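Novice: This one is query39.cif, mmCIF, C-alpha atoms (C1' of nucleotides).
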```cif
data_upload
#
loop_
_atom_site.group_PDB
_atom_site.id
_atom_site.type_symbol
_atom_site.label_atom_id
_atom_site.label_comp_id
_atom_site.auth_asym_id
_atom_site.auth_seq_id
_atom_site.Cartn_x
_atom_site.Cartn_y
_atom_site.Cartn_z
ATOM 1 C CA MET A 1 66.958 99.482 118.073
ATOM 2 C CA SER A 2 68.621 100.556 114.892
ATOM 3 C CA LYS A 3 65.716 98.991 113.105
ATOM 4 C CA GLN A 4 64.985 101.969 110.954
ATOM 5 C CA GLY A 5 63.457 99.641 108.430
ATOM 6 C CA PRO A 6 62.389 102.223 105.885
ATOM 7 C CA PRO A 7 65.349 102.817 103.616
ATOM 8 C CA SER A 8 65.320 106.477 104.400
ATOM 9 C CA PRO A 9 66.648 108.328 101.400
ATOM 10 C CA GLY A 10 69.268 110.030 103.490
ATOM 11 C CA SER A 11 70.459 106.714 104.792
ATOM 12 C CA GLY A 12 73.308 106.743 102.311
ATOM 13 C CA VAL A 13 76.673 108.340 102.702
ATOM 14 C CA GLU A 14 76.276 111.996 103.505
ATOM 15 C CA CYS A 15 79.732 113.123 104.362
ATOM 16 C CA CYS A 16 82.059 114.090 101.584
ATOM 17 C CA SER A 17 85.352 115.273 102.974
ATOM 18 C CA PRO A 18 88.014 112.688 102.194
ATOM 19 C CA LEU A 19 89.133 110.877 105.291
ATOM 20 C CA VAL A 20 92.705 111.850 104.597
ATOM 21 C CA ALA A 21 91.762 115.527 104.724
ATOM 22 C CA GLU A 22 90.439 115.693 108.260
ATOM 23 C CA PRO A 23 89.483 113.269 111.029
ATOM 24 C CA LEU A 24 86.002 111.837 110.670
ATOM 25 C CA SER A 25 83.456 112.782 113.266
ATOM 26 C CA GLY A 26 81.803 110.035 115.230
ATOM 27 C CA ASP A 27 78.630 110.486 113.215
ATOM 28 C CA GLN A 28 80.365 110.373 109.874
ATOM 29 C CA ALA A 29 82.376 107.337 110.914
ATOM 30 C CA GLY A 30 79.265 105.499 112.046
ATOM 31 C CA ASP A 31 77.467 106.281 108.823
ATOM 32 C CA LEU A 32 80.379 105.221 106.659
ATOM 33 C CA ALA A 33 81.140 102.144 108.720
ATOM 34 C CA ARG A 34 77.594 100.888 108.212
ATOM 35 C CA VAL A 35 78.095 100.958 104.457
ATOM 36 C CA PHE A 36 81.587 99.462 104.546
ATOM 37 C CA LYS A 37 80.420 96.738 106.883
ATOM 38 C CA ALA A 38 77.712 95.847 104.384
ATOM 39 C CA MET A 39 80.454 95.537 101.757
ATOM 40 C CA GLY A 40 82.689 93.571 104.097
ATOM 41 C CA ASP A 41 81.407 90.214 102.934
ATOM 42 C CA PRO A 42 82.545 88.460 99.746
ATOM 43 C CA VAL A 43 79.039 87.331 98.871
ATOM 44 C CA ARG A 44 77.571 90.807 99.273
ATOM 45 C CA LEU A 45 80.422 92.357 97.320
ATOM 46 C CA ARG A 46 79.837 89.950 94.449
ATOM 47 C CA LEU A 47 76.106 90.570 94.608
ATOM 48 C CA LEU A 48 76.719 94.296 94.427
ATOM 49 C CA SER A 49 79.084 93.844 91.514
ATOM 50 C CA LEU A 50 76.733 91.477 89.710
ATOM 51 C CA ILE A 51 73.891 93.961 90.032
ATOM 52 C CA ALA A 52 75.977 96.980 89.120
ATOM 53 C CA SER A 53 77.564 95.370 86.093
ATOM 54 C CA HIS A 54 74.416 93.695 84.824
ATOM 55 C CA ALA A 55 72.943 94.840 81.540
ATOM 56 C CA GLY A 56 70.407 97.580 82.146
ATOM 57 C CA GLY A 57 71.812 98.291 85.560
ATOM 58 C CA GLU A 58 69.498 95.847 87.267
ATOM 59 C CA ALA A 59 69.431 92.145 87.971
ATOM 60 C CA CYS A 60 66.739 89.674 88.929
ATOM 61 C CA VAL A 61 67.131 87.707 92.138
ATOM 62 C CA CYS A 62 66.576 84.507 90.215
ATOM 63 C CA ASP A 63 69.762 85.247 88.314
ATOM 64 C CA LEU A 64 71.783 86.031 91.427
ATOM 65 C CA THR A 65 70.795 82.887 93.291
ATOM 66 C CA ASP A 66 72.307 80.767 90.557
ATOM 67 C CA VAL A 67 75.797 82.160 90.924
ATOM 68 C CA PHE A 68 76.355 81.071 94.520
ATOM 69 C CA ALA A 69 76.185 77.752 96.315
ATOM 70 C CA LEU A 70 73.945 79.306 98.934
ATOM 71 C CA SER A 71 70.306 78.871 99.801
ATOM 72 C CA GLY A 72 67.693 81.325 98.660
ATOM 73 C CA PRO A 73 67.037 82.723 102.134
ATOM 74 C CA THR A 74 70.730 83.452 102.544
ATOM 75 C CA ILE A 75 70.878 85.406 99.300
ATOM 76 C CA SER A 76 67.736 87.242 100.337
ATOM 77 C CA HIS A 77 69.345 88.082 103.669
ATOM 78 C CA HIS A 78 72.440 89.539 102.000
ATOM 79 C CA LEU A 79 70.314 91.566 99.623
ATOM 80 C CA LYS A 80 68.435 92.925 102.610
ATOM 81 C CA VAL A 81 71.674 93.984 104.268
ATOM 82 C CA LEU A 82 72.757 95.789 101.110
ATOM 83 C CA ARG A 83 69.315 97.375 100.874
ATOM 84 C CA GLU A 84 69.346 98.605 104.455
ATOM 85 C CA ALA A 85 72.822 100.011 103.955
ATOM 86 C CA GLY A 86 71.404 102.226 101.225
ATOM 87 C CA LEU A 87 73.421 100.586 98.474
ATOM 88 C CA ILE A 88 70.707 98.946 96.403
ATOM 89 C CA ALA A 89 66.951 99.061 95.901
ATOM 90 C CA GLY A 90 64.594 96.342 94.799
ATOM 91 C CA GLU A 91 61.436 96.568 92.754
ATOM 92 C CA ARG A 92 58.923 93.836 92.100
ATOM 93 C CA ARG A 93 57.822 93.572 88.473
ATOM 94 C CA GLY A 94 55.395 90.752 87.993
ATOM 95 C CA THR A 95 56.775 87.554 89.382
ATOM 96 C CA TRP A 96 60.367 88.617 89.751
ATOM 97 C CA VAL A 97 62.157 91.197 91.879
ATOM 98 C CA TYR A 98 64.799 93.346 90.249
ATOM 99 C CA TYR A 99 67.595 95.043 92.162
ATOM 100 C CA ARG A 100 69.663 97.995 91.065
ATOM 101 C CA VAL A 101 72.459 100.015 92.622
ATOM 102 C CA LEU A 102 71.340 103.371 93.970
ATOM 103 C CA PRO A 103 73.030 106.100 91.961
ATOM 104 C CA GLY A 104 75.670 108.261 93.543
ATOM 105 C CA VAL A 105 76.444 106.131 96.545
ATOM 106 C CA LEU A 106 79.493 104.407 95.107
ATOM 107 C CA GLY A 107 80.767 107.693 93.741
ATOM 108 C CA ARG A 108 80.498 109.378 97.127
ATOM 109 C CA LEU A 109 82.325 106.477 98.745
ATOM 110 C CA ALA A 110 85.065 106.775 96.161
ATOM 111 C CA ASP A 111 85.319 110.481 96.933
ATOM 112 C CA VAL A 112 85.744 109.787 100.621
ATOM 113 C CA LEU A 113 88.495 107.272 100.001
ATOM 114 C CA ALA A 114 90.321 109.116 97.273
ATOM 115 C CA PRO A 115 93.507 110.882 98.288
ATOM 116 C CA VAL A 116 93.105 114.604 97.962
ATOM 117 C CA ALA A 117 95.761 114.916 95.326
ATOM 118 C CA THR A 118 95.055 111.962 93.093
ATOM 119 C CA GLY A 119 94.332 114.135 90.140
ATOM 120 C CA ARG A 120 90.570 114.026 90.717
ATOM 121 C CA PRO A 121 88.698 117.178 91.644
ATOM 122 C CA ALA A 122 86.012 116.146 94.074
ATOM 123 C CA ALA A 123 83.351 115.336 91.534
ATOM 124 C CA GLY A 124 80.201 115.419 93.591
ATOM 125 C CA ALA A 125 81.340 117.582 96.418
ATOM 126 C CA ALA A 126 77.947 118.793 97.501
ATOM 127 C CA ARG A 127 78.775 121.123 100.237
ATOM 128 C CA MET B 128 84.226 80.367 107.331
ATOM 129 C CA SER B 129 87.356 80.376 105.273
ATOM 130 C CA LYS B 130 89.809 81.165 107.999
ATOM 131 C CA GLN B 131 92.696 82.273 105.858
ATOM 132 C CA GLY B 132 93.859 84.418 108.664
ATOM 133 C CA PRO B 133 97.528 84.734 107.869
ATOM 134 C CA PRO B 134 98.237 88.292 106.852
ATOM 135 C CA SER B 135 99.459 87.381 103.455
ATOM 136 C CA PRO B 136 102.082 89.897 102.393
ATOM 137 C CA GLY B 137 100.284 90.872 99.213
ATOM 138 C CA SER B 138 97.126 91.305 101.198
ATOM 139 C CA GLY B 139 96.513 94.730 99.747
ATOM 140 C CA VAL B 140 93.951 95.401 97.092
ATOM 141 C CA GLU B 141 95.212 93.917 93.878
ATOM 142 C CA CYS B 142 92.237 94.072 91.599
ATOM 143 C CA CYS B 143 91.507 97.258 89.769
ATOM 144 C CA SER B 144 88.508 96.817 87.498
ATOM 145 C CA PRO B 145 85.629 98.824 88.926
ATOM 146 C CA LEU B 146 82.931 96.602 90.319
ATOM 147 C CA VAL B 147 80.378 98.253 88.097
ATOM 148 C CA ALA B 148 82.350 97.234 85.024
ATOM 149 C CA GLU B 149 82.284 93.473 85.462
ATOM 150 C CA PRO B 150 81.351 90.984 88.164
ATOM 151 C CA LEU B 151 84.050 90.411 90.737
ATOM 152 C CA SER B 152 85.643 87.005 90.857
ATOM 153 C CA GLY B 153 85.478 85.089 94.091
ATOM 154 C CA ASP B 154 89.121 85.857 94.755
ATOM 155 C CA GLN B 155 88.782 89.563 94.120
ATOM 156 C CA ALA B 156 85.658 89.729 96.243
ATOM 157 C CA GLY B 157 87.388 87.962 99.119
ATOM 158 C CA ASP B 158 90.371 90.264 98.923
ATOM 159 C CA LEU B 159 88.254 93.400 98.783
ATOM 160 C CA ALA B 160 85.842 92.211 101.443
ATOM 161 C CA ARG B 161 88.712 91.740 103.866
ATOM 162 C CA VAL B 162 89.648 95.392 103.476
ATOM 163 C CA PHE B 163 86.083 96.692 103.618
ATOM 164 C CA LYS B 164 85.379 94.585 106.671
ATOM 165 C CA ALA B 165 88.361 96.184 108.362
ATOM 166 C CA MET B 166 86.810 99.562 107.569
ATOM 167 C CA GLY B 167 83.370 98.434 108.683
ATOM 168 C CA ASP B 168 83.841 99.633 112.237
ATOM 169 C CA PRO B 169 83.430 103.258 113.336
ATOM 170 C CA VAL B 170 86.466 103.110 115.611
ATOM 171 C CA ARG B 171 88.729 101.724 112.913
ATOM 172 C CA LEU B 172 87.425 104.207 110.389
ATOM 173 C CA ARG B 173 88.189 107.075 112.732
ATOM 174 C CA LEU B 174 91.601 105.618 113.510
ATOM 175 C CA LEU B 175 92.341 105.401 109.806
ATOM 176 C CA SER B 176 91.175 108.948 109.280
ATOM 177 C CA LEU B 177 93.132 110.240 112.263
ATOM 178 C CA ILE B 178 96.302 108.612 110.990
ATOM 179 C CA ALA B 179 95.784 109.672 107.385
ATOM 180 C CA SER B 180 94.975 113.274 108.230
ATOM 181 C CA HIS B 181 97.647 113.690 110.874
ATOM 182 C CA ALA B 182 100.485 116.071 110.237
ATOM 183 C CA GLY B 183 103.365 114.257 108.619
ATOM 184 C CA GLY B 184 101.129 111.404 107.558
ATOM 185 C CA GLU B 185 101.760 109.449 110.719
ATOM 186 C CA ALA B 186 100.361 109.349 114.220
ATOM 187 C CA CYS B 187 101.564 107.941 117.528
ATOM 188 C CA VAL B 188 99.425 105.391 119.325
ATOM 189 C CA CYS B 189 99.552 107.512 122.448
ATOM 190 C CA ASP B 190 97.723 110.214 120.528
ATOM 191 C CA LEU B 191 95.065 107.868 119.184
ATOM 192 C CA THR B 192 94.243 106.317 122.531
ATOM 193 C CA ASP B 193 93.228 109.691 123.872
ATOM 194 C CA VAL B 194 90.485 110.290 121.331
ATOM 195 C CA PHE B 195 88.361 107.295 122.272
ATOM 196 C CA ALA B 196 86.786 106.096 125.480
ATOM 197 C CA LEU B 197 88.298 102.683 124.926
ATOM 198 C CA SER B 198 91.002 100.748 126.696
ATOM 199 C CA GLY B 199 94.516 100.573 125.297
ATOM 200 C CA PRO B 200 94.283 96.903 124.348
ATOM 201 C CA THR B 201 91.138 97.592 122.351
ATOM 202 C CA ILE B 202 92.815 100.350 120.351
ATOM 203 C CA SER B 203 95.772 98.072 119.792
ATOM 204 C CA HIS B 204 93.426 95.371 118.550
ATOM 205 C CA HIS B 205 91.803 97.705 116.025
ATOM 206 C CA LEU B 206 95.188 98.881 114.810
ATOM 207 C CA LYS B 207 96.187 95.267 114.329
ATOM 208 C CA VAL B 208 93.093 94.617 112.237
ATOM 209 C CA LEU B 209 93.873 97.623 110.059
ATOM 210 C CA ARG B 210 97.488 96.468 109.810
ATOM 211 C CA GLU B 211 96.555 92.940 108.772
ATOM 212 C CA ALA B 212 94.144 94.331 106.195
ATOM 213 C CA GLY B 213 97.086 96.054 104.541
ATOM 214 C CA LEU B 214 95.797 99.536 105.259
ATOM 215 C CA ILE B 215 98.398 100.839 107.684
ATOM 216 C CA ALA B 216 101.898 100.071 108.897
ATOM 217 C CA GLY B 217 103.491 100.744 112.245
ATOM 218 C CA GLU B 218 107.056 101.596 113.122
ATOM 219 C CA ARG B 219 108.588 101.796 116.563
ATOM 220 C CA ARG B 220 110.793 104.843 117.097
ATOM 221 C CA GLY B 221 112.154 104.913 120.588
ATOM 222 C CA THR B 222 109.392 104.650 123.120
ATOM 223 C CA TRP B 223 106.503 105.298 120.801
ATOM 224 C CA VAL B 224 105.021 103.476 117.822
ATOM 225 C CA TYR B 225 103.982 105.519 114.828
ATOM 226 C CA TYR B 226 101.392 104.389 112.308
ATOM 227 C CA ARG B 227 100.934 105.632 108.777
ATOM 228 C CA VAL B 228 98.573 104.772 105.938
ATOM 229 C CA LEU B 229 100.144 102.629 103.264
ATOM 230 C CA PRO B 230 100.273 104.621 100.044
ATOM 231 C CA GLY B 231 98.089 103.672 97.126
ATOM 232 C CA VAL B 232 95.653 101.443 98.939
ATOM 233 C CA LEU B 233 92.931 104.046 99.416
ATOM 234 C CA GLY B 234 93.364 105.213 95.853
ATOM 235 C CA ARG B 235 92.919 101.695 94.509
ATOM 236 C CA LEU B 236 89.813 101.231 96.613
ATOM 237 C CA ALA B 237 88.422 104.485 95.258
ATOM 238 C CA ASP B 238 89.120 103.267 91.734
ATOM 239 C CA VAL B 239 87.225 100.047 92.362
ATOM 240 C CA LEU B 240 84.214 101.916 93.712
ATOM 241 C CA ALA B 241 84.156 104.757 91.235
ATOM 242 C CA PRO B 242 81.548 104.565 88.520
ATOM 243 C CA VAL B 243 83.181 104.235 85.154
ATOM 244 C CA ALA B 244 81.658 107.408 83.788
ATOM 245 C CA THR B 245 81.527 109.806 86.700
ATOM 246 C CA GLY B 246 83.591 112.386 84.932
ATOM 247 C CA ARG B 247 86.801 110.756 86.079
ATOM 248 C CA PRO B 248 89.122 109.416 83.423
ATOM 249 C CA ALA B 249 89.421 105.937 84.864
ATOM 250 C CA ALA B 250 92.713 106.751 86.373
ATOM 251 C CA GLY B 251 93.376 103.054 86.545
ATOM 252 C CA ALA B 252 96.817 102.585 87.947
ATOM 253 C CA ALA B 253 97.358 106.077 89.177
ATOM 254 C CA ARG B 254 100.885 104.952 89.861
ATOM 255 C "C1'" DT C 255 119.848 97.559 138.844
ATOM 256 C "C1'" DC C 256 114.981 98.658 139.468
ATOM 257 C "C1'" DC C 257 111.125 101.336 138.196
ATOM 258 C "C1'" DT C 258 108.042 103.817 135.147
ATOM 259 C "C1'" DT C 259 105.701 104.505 130.870
ATOM 260 C "C1'" DG C 260 104.028 102.913 126.321
ATOM 261 C "C1'" DT C 261 102.360 99.075 123.530
ATOM 262 C "C1'" DT C 262 101.101 94.404 122.503
ATOM 263 C "C1'" DT C 263 99.430 89.770 123.588
ATOM 264 C "C1'" DC C 264 96.475 86.567 126.229
ATOM 265 C "C1'" DG C 265 92.115 84.712 128.039
ATOM 266 C "C1'" DA C 266 87.362 85.341 128.836
ATOM 267 C "C1'" DT C 267 82.766 87.199 128.095
ATOM 268 C "C1'" DC C 268 78.857 88.555 125.505
ATOM 269 C "C1'" DG C 269 76.492 90.303 121.565
ATOM 270 C "C1'" DA C 270 76.458 90.322 116.380
ATOM 271 C "C1'" DT C 271 76.374 87.769 112.099
ATOM 272 C "C1'" DG C 272 76.190 83.978 108.327
ATOM 273 C "C1'" DT C 273 73.830 80.017 107.304
ATOM 274 C "C1'" DC C 274 70.160 76.791 107.022
ATOM 275 C "C1'" DG C 275 65.271 74.589 106.886
ATOM 276 C "C1'" DA C 276 60.538 75.579 107.472
ATOM 277 C "C1'" DT C 277 57.152 78.657 106.609
ATOM 278 C "C1'" DA C 278 54.601 82.705 104.860
ATOM 279 C "C1'" DC C 279 53.628 85.981 101.230
ATOM 280 C "C1'" DA C 280 52.921 87.621 96.172
ATOM 281 C "C1'" DG C 281 51.637 86.851 91.345
ATOM 282 C "C1'" DA C 282 50.754 84.049 87.264
ATOM 283 C "C1'" DG C 283 48.177 80.526 85.202
ATOM 284 C "C1'" DG C 284 45.057 76.697 85.056
ATOM 285 C "C1'" DC D 285 38.920 78.604 93.115
ATOM 286 C "C1'" DC D 286 43.438 76.100 93.562
ATOM 287 C "C1'" DT D 287 48.318 75.310 92.496
ATOM 288 C "C1'" DC D 288 52.880 76.393 91.184
ATOM 289 C "C1'" DT D 289 56.954 79.269 91.227
ATOM 290 C "C1'" DG D 290 59.712 83.041 93.025
ATOM 291 C "C1'" DT D 291 60.986 85.782 97.031
ATOM 292 C "C1'" DA D 292 60.980 87.197 101.898
ATOM 293 C "C1'" DT D 293 60.576 86.308 106.871
ATOM 294 C "C1'" DC D 294 61.146 83.378 111.030
ATOM 295 C "C1'" DG D 295 63.587 80.555 114.369
ATOM 296 C "C1'" DA D 296 67.633 78.136 115.468
ATOM 297 C "C1'" DC D 297 72.430 77.049 115.485
ATOM 298 C "C1'" DA D 298 77.476 77.821 115.143
ATOM 299 C "C1'" DT D 299 81.009 80.961 114.594
ATOM 300 C "C1'" DC D 300 83.021 85.487 114.662
ATOM 301 C "C1'" DG D 301 84.247 89.810 116.696
ATOM 302 C "C1'" DA D 302 84.480 93.879 120.108
ATOM 303 C "C1'" DT D 303 85.656 94.689 124.504
ATOM 304 C "C1'" DC D 304 87.818 94.289 128.928
ATOM 305 C "C1'" DG D 305 91.445 93.178 132.752
ATOM 306 C "C1'" DA D 306 95.712 90.949 133.585
ATOM 307 C "C1'" DA D 307 100.067 90.083 132.166
ATOM 308 C "C1'" DA D 308 104.093 90.248 129.022
ATOM 309 C "C1'" DC D 309 107.306 92.852 126.269
ATOM 310 C "C1'" DA D 310 110.162 97.183 124.942
ATOM 311 C "C1'" DA D 311 112.674 101.293 125.875
ATOM 312 C "C1'" DG D 312 114.225 105.018 128.752
ATOM 313 C "C1'" DG D 313 115.546 107.122 133.121
ATOM 314 C "C1'" DA D 314 116.632 107.219 138.312
#
```
Could you render the structure from this file as structure tokens?
Specialist:
Amino acid sequence: MSKQGPPSPGSGVECCSPLVAEPLSGDQAGDLARVFKAMGDPVRLRLLSLIASHAGGEACVCDLTDVFALSGPTISHHLKVLREAGLIAGERRGTWVYYRVLPGVLGRLADVLAPVATGRPAAGAAR
Amino acid sequence: MSKQGPPSPGSGVECCSPLVAEPLSGDQAGDLARVFKAMGDPVRLRLLSLIASHAGGEACVCDLTDVFALSGPTISHHLKVLREAGLIAGERRGTWVYYRVLPGVLGRLADVLAPVATGRPAAGAAR
DNA sequence: TCCTTGTTTCGATCGATGTCGATACAGAGG
DNA sequence: CCTCTGTATCGACATCGATCGAAACAAGGA
């Protein structure tokens, strides 16, 4: 069903109005919930953070597998979930696969969560 | 697995360093994941948005139940999940129960997600 | 007092998800 | 060519979670 395998470029977070400003539509909520659900696991959150904070903005899977006491397939599964949520992208370079955080996604999420009057003018408000 | 169910009182988001700045610790990831998991459902996300955007900053359950094609117990369940995640709080006033978004939580989440250099002076502890 | 309305809790059902081992695929190097 | 290492997919299992109806609890009004 929702097996839209190809990480469609628009699969990220599209909506931009903060959720404290007006009620989310069903569509917006579904889109956002997919991303938050992907981040709703400690392992995936650490993976995301490890990739995002890694030197050069990308990390090799071989490096990520070491950090956890989990099997390779499990790490691969979590990376796939993050990939299909539109949070990260992987690229094979030679023997190893490198993952990096897709730009803009985290910023848009932060915009949605930020209170309207937190002193931050909606940075990327593409409307 | 770790069934640390009890809604620990300090169950809000405590950590503040953006996840792109340095890898999350296991504790921080678990704490954050609990909140993101609570937001990883379209119904809960819409509930949160409805409450946050409602006039006066609070909404009555009777108003929320109307919006969805779900039974009362189901709405109550989702509100409980949001409550135990430290996102909202409910108060009974007479016949009705009013929910409001706990202040600061969304802002801290936005800080964690925000890229360090997105044009936003790492507000850090906004207050 | 009883009854009516609003909200939560309880118990059950069924699909979704995290985890693993086994296996398949992709490159590098003999 | 074959083999070795790194990564992804497959199939299976156990647990979790969303949803419902029934029932309990809370407050107000007849």
Novice: Set the cut-off to 10 Å and count all atoms listed in the file: what are the residues of chain A that reach chain C? Output as a CSV table (one decimal) with C-alpha atoms, in the frame of the given file.
Specialist:
```
chain,number,residue,atom,x,y,z
A,41,ASP,CA,81.4,90.2,102.9
A,70,LEU,CA,73.9,79.3,98.9
A,71,SER,CA,70.3,78.9,99.8
A,72,GLY,CA,67.7,81.3,98.7
A,73,PRO,CA,67.0,82.7,102.1
A,74,THR,CA,70.7,83.5,102.5
A,77,HIS,CA,69.3,88.1,103.7
A,78,HIS,CA,72.4,89.5,102.0
A,92,ARG,CA,58.9,93.8,92.1
A,93,ARG,CA,57.8,93.6,88.5
A,94,GLY,CA,55.4,90.8,88.0
A,95,THR,CA,56.8,87.6,89.4
A,96,TRP,CA,60.4,88.6,89.8
```
Novice: Just the number, please: distance in Å from atom CA of A:Met39 to atom CA of B:Leu159, one decimal.
Specialist: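 Computed distance, atom CA of A:Met39 to atom CA of B:Leu159, equals 8.6 Å.
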Novice: Would you compute the distance between atom CA of A:Gly30 and atom CA of A:Ser53? Give it in Å to one decimal.
Specialist: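 Atom-to-atom, atom CA of A:Gly30 and atom CA of A:Ser53 are spaced 27.9 Å apart.
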Novice: Chain A least-squares fit onto chain B, all C-alpha atoms in order: RMSD in Å?
Specialist: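 That comparison of chain B with chain A gives 2.1 Å.
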Novice: What residues in chain B have any atom no more than 9 Å from chain A when counting all atoms listed in the file, and can you write them as an MDAnalysis selection string?
Specialist: chainID B and resid 145:181 184 231 233:242 245:248 250 253
Novice: Please check the contacts: residues of chain D at most 9 Å away from chain B, using all atoms listed in the file, listed as a PyMOL selection string.
Specialist: chain D and resi 299+302-304+310-312
Novice: Determine the residue set returned by the PyMOL selection byres ((chain B and resi 217) around 12) for the present structure, and present it as number ranges by chain.
Specialist: B: 178, 184-188, 203, 206-207, 209-211, 213-216, 218-220, 223-229; C: 261
Novice: Tell me, in Å to one decimal, how far atom CA of A:Ile75 is from atom CA of B:Ser144.
Specialist: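 About the pair atom CA of A:Ile75 and atom CA of B:Ser144: they are 24.1 Å apart.
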Novice: Smallest atom-to-atom distance to D:DG290: which of A:Val13, A:Ala55, A:Val67, A:Cys62, using all atoms listed in the file?
Specialist: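 Distance minimum relative to D:DG290 lands on A:Cys62.
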